[in-house]
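Participant: Below you will find the structure I want to go over with you.
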Amino acid sequence: MKSKSIAGNYRFLLILISAMVLGSITGYVAPDFAHGIKFLGDLFIRMMFCVVVPMVFASIAGAVANMKSRKRAGKIMGVTVLSFVITGAFAAIVFFVLCQIFPPVLQPWKTLSAEEVGEHASLTEMVLNFFTVEDFVGLLSRRAMLPLIVFSVLFGFSVNLAGEAGKKVAEFLESLTAVMMKFVQIVTYYAPIAFFAIFADLVASYGPQITESYARALVLYYPVCFLYIFTAFPVMAYIGAGMDGVKMMMSHILKPAIVALGTCSSVATIPTNMEVAEESGISKDVSDIVLPLGATMHMDGSCFSCVLKICFVMGALGTPVSFAQLPVIVLVAVFSSVGMSGVPGGGYIGEYIIASIFFPNQMEVAFPILVAIGNLVDPPATMINSAGDYVVSFIVSRFVDGKDWMKNALAKKAKA
């Protein structure tokens, strides 16, 4: 891997982090100036709020409208998606427990209070709000992200089922998605200036508690990601192929993990995952479906970060985090990480989902904090996401090709 390629993949991330650091320093040494440039951050947030609704609708509806059926791969896809959901939920539960033991924020940030967040909806209200709004106009609000997603999926299926009559609509949605992604790209160029202003104002308003809280979050997150490789991954490999699977996985996992950490891209890791999957005896049919699908749906590391973000902002706002909230947090973590990762701009959409559900009256404060944490933990999260795709292929092979799939594959390969 060329060093220039690695630097290119990290360049914008490093620029954003540098802007956050410089903004924090500015807020500490010149608080009045920091308050004066707050509008530069608000400008970015408002632009993102404006683009998110048409982007989500076009990308999801377009993807569903243009999809093609693969019945012959139904079993592989079914086991694959189920494995992604189960491992994502497991990762979310593990990290929630760790956040209870080691809270990322010890004390609420100054002037922010739990009352400003608002009460959580009841279970029936949450289910109702998950699927619907009162009327179509309600879908146009950034606060109705989940109902918009449900509407977009159903609209996409309707276009798909319409056949030839819906072809032009499907093409329009695909074109609109491309246009909206260019729009987001243009807005993103402004992000470093915005994050400089946002963090300058945050530090000026809430003091050095911010630096301490982010440090605690990173100290918790980074070691857990590396430990996950040597604890959870062997368990998955054992489920897939017994002790032989564990040995095979441990002898190959380093390569995709390093590539993912270096490129900071799940998609860029697909060729490496394909290579090690073939060496491990995984059938081509399984690897051809599991690995590309995993690059967009298998997000254990992102489930980690989703739980961290929720617990972090709740701590900053002074909202207690209890085990009673675990089911909702796990559901949101899995949906926003696994369900939305394949959507262009899915990361930011995930932040909107979290903010709209847990912090509806503090979105302007919560959103930049959520995005900042996402940027800080992105490299190890990508490592877990991408390397985990290779490991899940062991589980899928077990249920598709039988418990002796590895022995049979390697024996066949030895005779060839």
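Quick note on naming: the chains in the structure tokens go A, B, ... in the order shown, residues restart at 1 in each chain, and ligands are numbered from 1 in order of appearance.
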Could you name the residues that touch Leu40 of chain A at 9 Å or less, counting only C-alpha atoms, but leaving out those on the same chain fewer than 4 positions away, as a PyMOL selection string?
Facilitator: chain A and resi 44+193-198
Participant: Go ahead and dump the residues you just picked, N, CA, C and O atoms, as a short mmCIF file (atom, residue, chain, number, x, y, z; two decimals), in the first residue's frame.
Facilitator:
```cif
data_model
loop_
_atom_site.label_atom_id
_atom_site.label_comp_id
_atom_site.auth_asym_id
_atom_site.auth_seq_id
_atom_site.Cartn_x
_atom_site.Cartn_y
_atom_site.Cartn_z
N PHE A 44 -23.42 25.87 8.30
CA PHE A 44 -23.19 24.50 7.83
C PHE A 44 -24.31 23.57 8.30
O PHE A 44 -24.84 22.77 7.52
N ILE A 193 -14.23 24.90 8.03
CA ILE A 193 -14.50 26.23 8.59
C ILE A 193 -15.61 26.14 9.63
O ILE A 193 -15.54 26.72 10.71
N ALA A 194 -16.65 25.36 9.28
CA ALA A 194 -17.79 25.22 10.19
C ALA A 194 -17.38 24.56 11.49
O ALA A 194 -17.76 25.01 12.57
N PHE A 195 -16.58 23.51 11.42
CA PHE A 195 -16.18 22.79 12.63
C PHE A 195 -15.21 23.62 13.47
O PHE A 195 -15.20 23.49 14.70
N PHE A 196 -14.43 24.45 12.83
CA PHE A 196 -13.59 25.39 13.58
C PHE A 196 -14.47 26.30 14.43
O PHE A 196 -14.24 26.49 15.63
N ALA A 197 -15.52 26.86 13.80
CA ALA A 197 -16.41 27.78 14.51
C ALA A 197 -17.24 27.06 15.57
O ALA A 197 -17.44 27.57 16.67
N ILE A 198 -17.72 25.86 15.24
CA ILE A 198 -18.56 25.11 16.17
C ILE A 198 -17.80 24.79 17.45
O ILE A 198 -18.29 24.98 18.56
#
```
Participant: Ranking A:Val365, A:Leu376, A:Met250, A:Val52 by minimum distance to Met180 of chain A and counting only C-alpha atoms, which one comes first?
Facilitator: A:Val52
Participant: Name all residues at most 10 Å from Thr177 of chain A (count only C-alpha atoms; drop same-chain ones fewer than 2 positions away) and give them as a list of chain:residue names.
Facilitator: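 Counting only the stated atoms, we get A:Pro54, A:Met55, A:Val56, A:Phe57, A:Ala58, A:Ser59, A:Ile60, A:Ala61, A:Gly62, A:Ala63, A:Glu171, A:Phe172, A:Leu173, A:Glu174, A:Ser175, A:Val179, A:Met180, A:Met181, A:Lys182, A:Phe183, A:Pro344.
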Participant: Could the residues of segment 228-328 of chain A that have an atom at most 7 Å from segment 88-104 of chain A be listed as JSON lines, each with its closest atom pair and the distance in Å to one decimal, counting only C-alpha atoms and ordered by chain and ascending residue number?
Facilitator:
```
{"residue": "A:Met299", "atom": "CA", "partner": "A:Gly88", "partner_atom": "CA", "distance": 6.4}
{"residue": "A:Asp300", "atom": "CA", "partner": "A:Gly88", "partner_atom": "CA", "distance": 4.8}
{"residue": "A:Cys303", "atom": "CA", "partner": "A:Ala92", "partner_atom": "CA", "distance": 5.3}
{"residue": "A:Phe304", "atom": "CA", "partner": "A:Ala92", "partner_atom": "CA", "distance": 5.6}
{"residue": "A:Val307", "atom": "CA", "partner": "A:Phe96", "partner_atom": "CA", "distance": 6.2}
{"residue": "A:Phe312", "atom": "CA", "partner": "A:Pro104", "partner_atom": "CA", "distance": 5.7}
```
Participant: State, in Å with one decimal place, the distance from atom CA of Val159 of chain A to atom CA of Leu176 of chain A.
Facilitator: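 Going from atom CA of Val159 of chain A over to atom CA of Leu176 of chain A covers 15.0 Å.
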Participant: Near Val105 of chain A, counting only C-alpha atoms, which residues have an atom at most 7 Å away, once you skip same-chain residues fewer than 4 positions from it, shown as an MDAnalysis selection string?
Facilitator: chainID A and resid 213 312 315:316
Participant: DSSP on the backbone: which residues in segment 311-408 of chain A end up as alpha helix (DSSP H)? Give the answer as an MDAnalysis selection string.
Facilitator: chainID A and resid 311:317 326:334 346:358 363:401 405:408
Participant: Go through A:Ile310, A:Ala191, A:Val396, A:Ile229 and flag the residue nearest Leu291 of chain A, using only C-alpha atoms for the distances.
Facilitator: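 Ranked by minimum distance to Leu291 of chain A, first place goes to A:Val396.
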Participant: Quote the spacing between atom CA of Lys75 of chain A and atom CA of Ile253 of chain A in Å to one decimal place.
Facilitator: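 That distance, rounded to one decimal, is 25.6 Å.
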Participant: With segment 80-83 of chain A as the partner and 10 Å as the cut-off, tabulate the residues of segment 283-343 of chain A that qualify, each row holding the nearest pair of atoms and their distance in Å to one decimal, using only C-alpha atoms, sorted by chain and rising number, as a Markdown table.
Facilitator:
```
| residue | atom | partner | partner_atom | distance |
| --- | --- | --- | --- | --- |
| A:Val286 | CA | A:Thr80 | CA | 9.1 |
| A:Ile289 | CA | A:Thr80 | CA | 8.4 |
| A:Val290 | CA | A:Thr80 | CA | 6.3 |
| A:Leu291 | CA | A:Thr80 | CA | 9.6 |
| A:Leu293 | CA | A:Thr80 | CA | 8.3 |
| A:Gly294 | CA | A:Thr80 | CA | 8.3 |
| A:Met297 | CA | A:Val81 | CA | 7.9 |
| A:His298 | CA | A:Val81 | CA | 8.3 |
| A:Val338 | CA | A:Val81 | CA | 9.1 |
| A:Gly339 | CA | A:Val81 | CA | 9.9 |
```
Participant: If we count only C-alpha atoms, what is near Gly388 of chain A at a cut-off of 12 Å, once residues fewer than 4 positions away on the same chain are taken out, given as a PyMOL selection string?
Facilitator: chain A and resi 83-84+87-88+91+225+228-230+232-237+249-250+252-254+256-257+260+266+269-270+273+277+290-291+293-295+297-302+380-384+392-395
Participant: Nearest residue to Ser356 of chain A out of A:Ser141, A:Val377, A:Tyr221, A:Val259, using only C-alpha atoms?
Facilitator: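 Looking at the shortest contact to Ser356 of chain A, the residue is A:Ser141.
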Participant: From the set A:Asn375, A:Asn361, A:Ser152, A:Asn385, which residue has the shortest atom-to-atom contact distance to Val53 of chain A, counting only C-alpha atoms?
Facilitator: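 The closest residue to Val53 of chain A is A:Ser152.
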